[in-house]
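Structure file upload21.txt (compact mmCIF, C-alpha atoms) follows.
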# COMPACT_ATOMS: atom_id res chain seq x y z
CA MET A 24 207.47 -146.59 -107.07
CA ARG A 25 209.71 -147.96 -104.39
CA THR A 26 208.83 -151.34 -102.87
CA PRO A 27 208.03 -150.94 -99.10
CA ARG A 28 210.74 -152.29 -96.91
CA PRO A 29 209.66 -155.21 -94.64
CA ILE A 30 209.20 -154.40 -90.96
CA PRO A 31 211.93 -156.01 -88.89
CA VAL A 32 210.83 -158.98 -86.77
CA ALA A 33 212.02 -157.30 -83.59
CA VAL A 34 209.74 -154.34 -84.23
CA GLN A 35 206.76 -156.65 -84.90
CA VAL A 36 207.31 -158.49 -81.63
CA ALA A 37 207.56 -155.23 -79.70
CA ALA A 38 204.31 -153.95 -81.22
CA LEU A 39 202.55 -157.19 -80.35
CA GLY A 40 203.80 -156.93 -76.80
CA LEU A 41 202.23 -153.50 -76.49
CA ALA A 42 198.91 -154.53 -78.12
CA LEU A 43 198.23 -157.60 -75.99
CA PRO A 44 198.05 -155.76 -72.62
CA LEU A 45 195.73 -153.18 -74.19
CA LEU A 46 193.47 -155.89 -75.60
CA LEU A 47 193.38 -157.89 -72.37
CA GLY A 48 192.77 -154.73 -70.37
CA GLY A 49 189.75 -153.95 -72.55
CA CYS A 50 188.31 -157.44 -71.94
CA THR A 51 188.83 -157.05 -68.22
CA ALA A 52 186.98 -153.75 -68.28
CA LEU A 53 184.04 -155.37 -70.09
CA ALA A 54 183.94 -158.14 -67.50
CA ARG A 55 183.91 -155.59 -64.70
CA GLN A 56 181.14 -153.66 -66.42
CA SER A 57 178.97 -156.79 -66.58
CA GLY A 58 179.62 -157.59 -62.94
CA ASP A 59 179.04 -154.00 -61.80
CA GLY A 60 175.46 -153.82 -63.08
CA GLY A 61 176.12 -153.14 -66.75
CA ALA A 62 175.28 -155.47 -69.61
CA GLN A 63 174.23 -158.94 -68.39
CA PRO A 64 173.73 -162.23 -70.22
CA ALA A 65 170.16 -162.68 -71.47
CA GLY A 66 169.54 -165.67 -69.20
CA VAL A 67 170.60 -163.80 -66.06
CA ALA A 68 168.50 -160.77 -66.96
CA ALA A 69 165.44 -162.95 -67.59
CA GLU A 70 165.87 -164.74 -64.25
CA ASN A 71 166.19 -161.44 -62.40
CA ALA A 72 163.03 -160.16 -64.09
CA GLN A 73 161.10 -163.27 -63.08
CA GLN A 74 162.09 -162.82 -59.44
CA ALA A 75 161.41 -159.08 -59.35
CA THR A 76 158.73 -157.46 -57.20
CA VAL A 77 156.96 -154.55 -58.89
CA ALA A 78 154.84 -151.76 -57.44
CA THR A 79 151.12 -151.58 -58.28
CA GLU A 80 148.24 -149.49 -56.97
CA TRP A 81 147.13 -152.55 -54.94
CA GLY A 82 150.54 -153.06 -53.33
CA PRO A 83 153.74 -154.91 -54.26
CA LEU A 84 153.32 -157.73 -56.78
CA GLY A 85 155.82 -160.51 -56.15
CA PRO A 86 156.85 -163.58 -58.18
CA ALA A 87 154.68 -165.94 -56.11
CA ASP A 88 151.66 -163.72 -56.80
CA ARG A 89 152.25 -163.88 -60.55
CA VAL A 90 152.85 -167.63 -60.50
CA LEU A 91 149.53 -168.23 -58.74
CA ILE A 92 147.59 -166.27 -61.37
CA VAL A 93 149.33 -168.22 -64.14
CA LYS A 94 148.76 -171.60 -62.44
CA VAL A 95 145.04 -170.96 -62.00
CA ARG A 96 144.74 -170.04 -65.66
CA GLN A 97 146.81 -173.09 -66.60
CA ALA A 98 144.54 -175.35 -64.54
CA GLY A 99 141.43 -174.15 -66.31
CA LEU A 100 142.94 -174.84 -69.73
CA TRP A 101 142.80 -178.60 -69.15
CA GLU A 102 140.24 -179.08 -66.37
CA ILE A 103 137.43 -177.32 -68.24
CA PRO A 104 137.58 -179.63 -71.30
CA VAL A 105 138.02 -182.71 -69.10
CA GLY A 106 134.95 -181.79 -67.02
CA ARG A 107 132.87 -181.13 -70.12
CA GLU A 108 133.86 -184.45 -71.65
CA ALA A 109 133.19 -186.30 -68.39
CA ALA A 110 129.65 -184.92 -68.35
CA ARG A 111 129.06 -186.98 -71.52
CA ARG A 112 131.37 -189.96 -71.15
CA ALA A 113 131.66 -190.83 -67.46
CA ALA A 114 130.16 -194.16 -66.45
CA ARG A 115 128.55 -193.06 -63.19
CA PRO A 116 126.02 -190.23 -62.77
CA ALA A 117 127.94 -188.82 -59.79
CA THR A 118 131.08 -188.46 -61.91
CA GLN A 119 129.15 -186.85 -64.76
CA ARG A 120 127.43 -184.40 -62.41
CA ASN A 121 130.40 -183.48 -60.23
CA LEU A 122 132.98 -183.07 -62.99
CA ALA A 123 130.55 -181.01 -65.04
CA GLU A 124 130.14 -178.72 -62.03
CA ILE A 125 133.92 -178.43 -61.68
CA ALA A 126 134.13 -177.35 -65.33
CA ARG A 127 131.43 -174.71 -64.82
CA GLN A 128 133.15 -173.34 -61.73
CA HIS A 129 136.53 -173.27 -63.50
CA GLU A 130 134.97 -171.17 -66.25
CA ARG A 131 134.05 -168.59 -63.61
CA LEU A 132 137.46 -168.80 -61.95
CA ASP A 133 139.20 -168.49 -65.30
CA GLY A 134 137.32 -165.27 -65.98
CA ILE A 135 138.42 -163.90 -62.61
CA ALA A 136 142.05 -164.88 -63.28
CA ARG A 137 142.07 -163.24 -66.71
CA GLY A 138 140.58 -160.06 -65.29
CA ILE A 139 143.18 -159.80 -62.53
CA ALA A 140 146.00 -160.61 -64.96
CA ALA A 141 144.87 -157.75 -67.17
CA GLN A 142 144.84 -155.33 -64.22
CA LEU A 143 148.29 -156.42 -63.02
CA ASN A 144 149.81 -156.87 -66.49
CA VAL A 145 150.62 -160.57 -65.98
CA PRO A 146 151.01 -162.57 -69.24
CA LEU A 147 148.94 -165.77 -69.34
CA PRO A 148 149.25 -169.05 -71.27
CA ASP A 149 146.68 -169.99 -73.88
CA ARG A 150 147.12 -173.75 -74.08
CA PRO A 151 147.67 -176.70 -71.71
CA THR A 152 151.22 -177.75 -70.93
CA ALA A 153 152.66 -180.89 -72.51
CA GLU A 154 152.09 -182.73 -69.22
CA GLN A 155 148.48 -181.58 -69.02
CA GLN A 156 147.91 -182.65 -72.61
CA SER A 157 149.25 -186.11 -71.73
CA TRP A 158 146.77 -186.31 -68.84
CA MET A 159 143.91 -185.37 -71.16
CA SER A 160 144.97 -188.03 -73.67
CA GLU A 161 145.27 -190.62 -70.90
CA ILE A 162 141.75 -189.86 -69.64
CA THR A 163 140.21 -189.81 -73.12
CA GLY A 164 141.77 -193.19 -73.88
CA LYS A 165 139.88 -194.88 -71.03
CA SER A 166 136.31 -196.18 -70.97
CA GLY A 167 133.76 -197.31 -68.41
CA THR A 168 134.63 -196.94 -64.76
CA GLU A 169 138.33 -196.75 -65.68
CA TYR A 170 137.51 -193.47 -67.37
CA ASP A 171 135.89 -192.17 -64.18
CA LYS A 172 138.71 -193.40 -61.97
CA THR A 173 141.46 -191.91 -64.15
CA ALA A 174 139.76 -188.53 -64.56
CA VAL A 175 139.03 -188.19 -60.85
CA ALA A 176 142.54 -189.31 -59.86
CA ARG A 177 144.28 -186.81 -62.15
CA LEU A 178 142.04 -183.95 -61.10
CA ARG A 179 142.32 -184.74 -57.40
CA VAL A 180 146.13 -184.83 -57.48
CA ALA A 181 146.25 -181.52 -59.35
CA HIS A 182 143.93 -179.84 -56.83
CA GLY A 183 145.87 -181.26 -53.90
CA GLN A 184 149.11 -179.83 -55.28
CA ILE A 185 147.87 -176.28 -55.85
CA TYR A 186 145.90 -176.05 -52.59
CA PRO A 187 148.94 -175.37 -50.33
CA GLN A 188 150.35 -172.89 -52.88
CA ILE A 189 147.12 -170.90 -52.73
CA ALA A 190 147.26 -170.89 -48.94
CA ALA A 191 150.89 -169.70 -48.96
CA VAL A 192 150.07 -166.74 -51.22
CA ARG A 193 146.91 -165.96 -49.24
CA ALA A 194 148.99 -165.81 -46.06
CA SER A 195 151.95 -163.80 -47.38
CA THR A 196 151.02 -161.57 -50.33
CA ARG A 197 151.35 -157.81 -49.90
CA ASN A 198 149.00 -157.19 -52.84
CA THR A 199 145.37 -156.69 -51.81
CA LEU A 200 144.03 -157.71 -55.23
CA VAL A 201 146.00 -160.97 -55.19
CA ARG A 202 144.96 -161.62 -51.58
CA GLN A 203 141.29 -161.43 -52.55
CA PHE A 204 141.98 -163.64 -55.59
CA ALA A 205 143.75 -166.25 -53.45
CA LYS A 206 140.82 -166.26 -51.05
CA GLN A 207 138.43 -166.95 -53.95
CA CYS A 208 140.73 -169.69 -55.29
CA GLU A 209 140.81 -171.35 -51.89
CA THR A 210 137.01 -171.57 -51.84
CA PHE A 211 136.86 -172.95 -55.37
CA VAL A 212 139.56 -175.59 -54.86
CA HIS A 213 138.11 -176.71 -51.52
CA THR A 214 134.74 -177.20 -53.25
CA HIS A 215 136.34 -179.07 -56.16
CA MET A 216 138.13 -181.53 -53.87
CA ALA A 217 134.83 -182.24 -52.11
CA LEU A 218 133.12 -182.81 -55.48
CA LEU A 219 135.86 -185.20 -56.57
CA GLU A 220 135.74 -187.10 -53.29
CA GLY A 221 131.95 -187.28 -53.68
CA THR A 222 132.35 -189.49 -56.77
CA GLY A 223 133.60 -192.37 -54.64
CA PHE A 224 136.73 -192.76 -56.79
CA VAL A 225 139.21 -190.95 -54.54
CA THR A 226 141.36 -193.66 -52.99
CA VAL A 227 144.71 -193.60 -51.21
CA ASP A 228 146.62 -194.10 -54.47
CA ALA A 229 144.83 -191.06 -55.95
CA LEU A 230 146.32 -188.66 -53.41
CA PRO A 231 149.66 -186.79 -53.62
CA ASP A 232 152.47 -187.62 -51.23
CA PRO A 233 152.14 -186.09 -47.75
CA PRO A 234 154.34 -183.02 -47.15
CA ALA A 235 157.73 -183.46 -45.47
CA VAL A 236 157.72 -181.96 -41.97
CA THR A 237 160.13 -181.51 -39.08
CA GLY A 238 159.49 -181.64 -35.36
CA ALA A 239 156.52 -184.01 -35.54
CA PRO A 240 155.70 -185.82 -32.28
CA GLU A 241 156.63 -189.48 -32.08
CA PRO A 242 153.79 -191.87 -32.87
CA GLY A 243 152.07 -193.42 -29.91
CA SER A 244 149.87 -196.46 -29.59
CA PRO A 245 146.36 -195.91 -30.90
CA ASN A 246 143.82 -195.47 -28.15
CA GLN A 247 141.92 -198.63 -27.50
CA PRO A 248 138.17 -198.43 -26.93
CA ARG A 249 137.49 -198.36 -23.23
CA THR A 250 135.35 -201.08 -21.73
CA PRO A 251 132.49 -199.41 -19.91
CA ALA A 252 132.53 -199.98 -16.15
CA PRO A 253 129.69 -202.16 -14.82
CA ALA A 254 126.77 -200.22 -13.48
CA ALA A 255 126.81 -199.80 -9.69
CA THR A 256 124.13 -201.75 -7.83
CA SER A 257 122.54 -200.35 -4.72
CA VAL A 258 122.05 -202.51 -1.66
CA ILE A 259 118.79 -202.06 0.11
CA LYS A 260 118.84 -203.11 3.74
CA GLY A 261 115.65 -204.39 5.29
Would you mind giving the structure from this file in structure tokens?
Amino acid sequence: MRTPRPIPVAVQVAALGLALPLLLGGCTALARQSGDGGAQPAGVAAENAQQATVATEWGPLGPADRVLIVKVRQAGLWEIPVGREAARRAARPATQRNLAEIARQHERLDGIARGIAAQLNVPLPDRPTAEQQSWMSEITGKSGTEYDKTAVARLRVAHGQIYPQIAAVRASTRNTLVRQFAKQCETFVHTHMALLEGTGFVTVDALPDPPAVTGAPEPGSPNQPRTPAPAATSVIKG
């Protein structure tokens, strides 16, 4: 058998020069395919799916609609156990009574949320978030009136944060099922804030920061109480 002759260096270089443009051209085509609606990175595809609006028999279901359903479910996962525990451990009867009522109402609301999620095919969480778990641990670690104060403060801040989100979905959703759900949520949350404030533990430091606004009127001097004018006396001429 004859030993193969080595390929001259000049021929190797020429072949490489032809192969590189072909290889780079193929990569460019793949990049164009991705940018033209073809294969996309997993992260981009997931983000697009989260922001998508889908058609349902009750109207379009948007991302804000789905987030509201998830947030209501997420709220119940930590507020129900906190309310049940407060019914046993709170120092004041008003805290025991009001937080127990919040837990009972959240059980009803949670059932509504799970029913709507099933109809609209919205996946729901099954455990509190890490932040919610930290709140539960913080509350459980207190005793006496500090227990009451901490539980009420955490619950009141959470309700104050979700309240405007409910209103925004109620005002803008195109889905009739979600609109009815948001209306129910609004009633529940309004009632819960009143129950929390009824404990006497809602103070200024237990409230979330006011919303940032534009175009507010300049502050004026507070109205001072007016001094009543002296009563007129009649002059009787003789």
Q: Take atom CA of A:Thr226 and atom CA of A:Arg115 and report the distance between them in Å, one decimal.
A: 16.4 Å
Q) Between A:Asn246, A:Gly106, A:Gly85, A:Gly183, which is the closest to A:Pro233 once you count all atoms listed in the file? A)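 Selected residue with least distance to A:Pro233: A:Gly183.
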With the cut-off set at 9 Å and counting only C-alpha atoms, tabulate each residue of stretch 71-163 of chain A with an atom at most that distance from an atom of stretch 191-211 of chain A, showing the nearest atom pair and its distance in Å to one decimal, ordered by chain and increasing number, as a Markdown table.
| residue | atom | partner | partner_atom | distance |
| --- | --- | --- | --- | --- |
| A:Thr79 | CA | A:Asn198 | CA | 8.1 |
| A:Glu80 | CA | A:Asn198 | CA | 8.8 |
| A:Trp81 | CA | A:Asn198 | CA | 5.4 |
| A:Gly82 | CA | A:Asn198 | CA | 4.4 |
| A:Pro83 | CA | A:Asn198 | CA | 5.4 |
| A:Leu84 | CA | A:Asn198 | CA | 5.9 |
| A:Gly85 | CA | A:Thr196 | CA | 7.6 |
| A:Ala87 | CA | A:Val192 | CA | 6.8 |
| A:Asp88 | CA | A:Val201 | CA | 6.5 |
| A:Arg89 | CA | A:Val201 | CA | 8.7 |
| A:Leu91 | CA | A:Val192 | CA | 7.7 |
| A:Ile92 | CA | A:Val201 | CA | 8.3 |
| A:Val95 | CA | A:Cys208 | CA | 8.1 |
| A:Ile125 | CA | A:Phe211 | CA | 8.9 |
| A:Gln128 | CA | A:Phe211 | CA | 7.4 |
| A:His129 | CA | A:Phe211 | CA | 8.1 |
| A:Leu132 | CA | A:Cys208 | CA | 7.5 |
| A:Ile135 | CA | A:Phe204 | CA | 7.9 |
| A:Ala136 | CA | A:Phe204 | CA | 7.8 |
| A:Ile139 | CA | A:Leu200 | CA | 7.6 |
| A:Leu143 | CA | A:Leu200 | CA | 9.0 |
Would you output that residue set with C-alpha atoms, as a PDB file, in the frame of the given file?
ATOM      1  CA  THR A  79     151.120-151.580 -58.280  1.00  0.00           C
ATOM      2  CA  GLU A  80     148.240-149.490 -56.970  1.00  0.00           C
ATOM      3  CA  TRP A  81     147.130-152.550 -54.940  1.00  0.00           C
ATOM      4  CA  GLY A  82     150.540-153.060 -53.330  1.00  0.00           C
ATOM      5  CA  PRO A  83     153.740-154.910 -54.260  1.00  0.00           C
ATOM      6  CA  LEU A  84     153.320-157.730 -56.780  1.00  0.00           C
ATOM      7  CA  GLY A  85     155.820-160.510 -56.150  1.00  0.00           C
ATOM      8  CA  ALA A  87     154.680-165.940 -56.110  1.00  0.00           C
ATOM      9  CA  ASP A  88     151.660-163.720 -56.800  1.00  0.00           C
ATOM     10  CA  ARG A  89     152.250-163.880 -60.550  1.00  0.00           C
ATOM     11  CA  LEU A  91     149.530-168.230 -58.740  1.00  0.00           C
ATOM     12  CA  ILE A  92     147.590-166.270 -61.370  1.00  0.00           C
ATOM     13  CA  VAL A  95     145.040-170.960 -62.000  1.00  0.00           C
ATOM     14  CA  ILE A 125     133.920-178.430 -61.680  1.00  0.00           C
ATOM     15  CA  GLN A 128     133.150-173.340 -61.730  1.00  0.00           C
ATOM     16  CA  HIS A 129     136.530-173.270 -63.500  1.00  0.00           C
ATOM     17  CA  LEU A 132     137.460-168.800 -61.950  1.00  0.00           C
ATOM     18  CA  ILE A 135     138.420-163.900 -62.610  1.00  0.00           C
ATOM     19  CA  ALA A 136     142.050-164.880 -63.280  1.00  0.00           C
ATOM     20  CA  ILE A 139     143.180-159.800 -62.530  1.00  0.00           C
ATOM     21  CA  LEU A 143     148.290-156.420 -63.020  1.00  0.00           C
TER      22      LEU A 143
END
**Q.** atom CA of A:Ala174 to atom CA of A:Arg150, distance in Å rounded to a single decimal
**A.**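 Pair atom CA of A:Ala174 / atom CA of A:Arg150 returns 19.1 Å.
Of note, atom CA of A:Ala117 and atom CA of A:Ile103 are spaced 17.1 Å apart.
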Q.
So that I can check the surroundings of A:Asn121, please list as a PyMOL selection string every protein, DNA and RNA residue that reaches within 9 Å of it, counting all atoms listed in the file and ignoring chain neighbours fewer than 5 positions away.
A. chain A and resi 106+110+116+126+215+218-219+221-222
Q: Do a neighbour search on stretch 156-170 of chain A at 8 Å with only C-alpha atoms, toss out local chain neighbours closer than 5 positions, and write the hits as a list of chain:residue names.
A: A:Trp101, A:Val105, A:Arg112, A:Ala113, A:Ala114, A:Arg115, A:Pro151, A:Arg177
Q | Contacts of A:Ile185 at 9 Å (only C-alpha atoms; same-chain gap of 4+ positions) as JSON, numbers by chain | A | {"A": [91, 94, 95, 180, 181, 189, 190, 212]}
(Q) I need the residue nearest A:Arg111 from this list: A:Asp232, A:Asp171, A:Glu130, A:Glu241. Use only C-alpha atoms for the distance. (A)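 Using only C-alpha atoms, A:Arg111 sits closest to A:Asp171.
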Please fill the gaps in stretch 92-106 of chain A so it has N, CA and C atoms, and write that as an mmCIF file, in the frame of the given file.
data_model
loop_
_atom_site.group_PDB
_atom_site.id
_atom_site.type_symbol
_atom_site.label_atom_id
_atom_site.label_comp_id
_atom_site.auth_asym_id
_atom_site.auth_seq_id
_atom_site.Cartn_x
_atom_site.Cartn_y
_atom_site.Cartn_z
ATOM 1 N N ILE A 92 148.539 -166.675 -60.318
ATOM 2 C CA ILE A 92 147.590 -166.270 -61.370
ATOM 3 C C ILE A 92 147.785 -167.145 -62.608
ATOM 4 N N VAL A 93 149.037 -167.391 -62.966
ATOM 5 C CA VAL A 93 149.330 -168.220 -64.140
ATOM 6 C C VAL A 93 148.870 -169.658 -63.911
ATOM 7 N N LYS A 94 149.130 -170.210 -62.722
ATOM 8 C CA LYS A 94 148.760 -171.600 -62.440
ATOM 9 C C LYS A 94 147.248 -171.803 -62.468
ATOM 10 N N VAL A 95 146.503 -170.838 -61.982
ATOM 11 C CA VAL A 95 145.040 -170.960 -62.000
ATOM 12 C C VAL A 95 144.538 -170.942 -63.437
ATOM 13 N N ARG A 96 145.087 -170.059 -64.234
ATOM 14 C CA ARG A 96 144.740 -170.040 -65.660
ATOM 15 C C ARG A 96 145.121 -171.350 -66.327
ATOM 16 N N GLN A 97 146.321 -171.851 -66.009
ATOM 17 C CA GLN A 97 146.810 -173.090 -66.600
ATOM 18 C C GLN A 97 145.917 -174.269 -66.208
ATOM 19 N N ALA A 98 145.420 -174.275 -64.988
ATOM 20 C CA ALA A 98 144.540 -175.350 -64.540
ATOM 21 C C ALA A 98 143.249 -175.380 -65.341
ATOM 22 N N GLY A 99 142.672 -174.209 -65.570
ATOM 23 C CA GLY A 99 141.430 -174.150 -66.310
ATOM 24 C C GLY A 99 141.561 -174.631 -67.742
ATOM 25 N N LEU A 100 142.738 -174.478 -68.338
ATOM 26 C CA LEU A 100 142.940 -174.840 -69.730
ATOM 27 C C LEU A 100 142.785 -176.339 -69.982
ATOM 28 N N TRP A 101 143.003 -177.161 -68.932
ATOM 29 C CA TRP A 101 142.800 -178.600 -69.150
ATOM 30 C C TRP A 101 141.624 -179.149 -68.343
ATOM 31 N N GLU A 102 141.315 -178.546 -67.194
ATOM 32 C CA GLU A 102 140.240 -179.080 -66.370
ATOM 33 C C GLU A 102 138.853 -178.766 -66.947
ATOM 34 N N ILE A 103 138.726 -177.650 -67.631
ATOM 35 C CA ILE A 103 137.430 -177.320 -68.240
ATOM 36 C C ILE A 103 137.061 -178.334 -69.328
ATOM 37 N N PRO A 104 137.951 -178.617 -70.301
ATOM 38 C CA PRO A 104 137.580 -179.630 -71.300
ATOM 39 C C PRO A 104 137.397 -181.026 -70.729
ATOM 40 N N VAL A 105 138.182 -181.390 -69.716
ATOM 41 C CA VAL A 105 138.020 -182.710 -69.100
ATOM 42 C C VAL A 105 136.657 -182.812 -68.413
ATOM 43 N N GLY A 106 136.258 -181.774 -67.684
ATOM 44 C CA GLY A 106 134.950 -181.790 -67.020
ATOM 45 C C GLY A 106 133.798 -181.845 -68.004
#
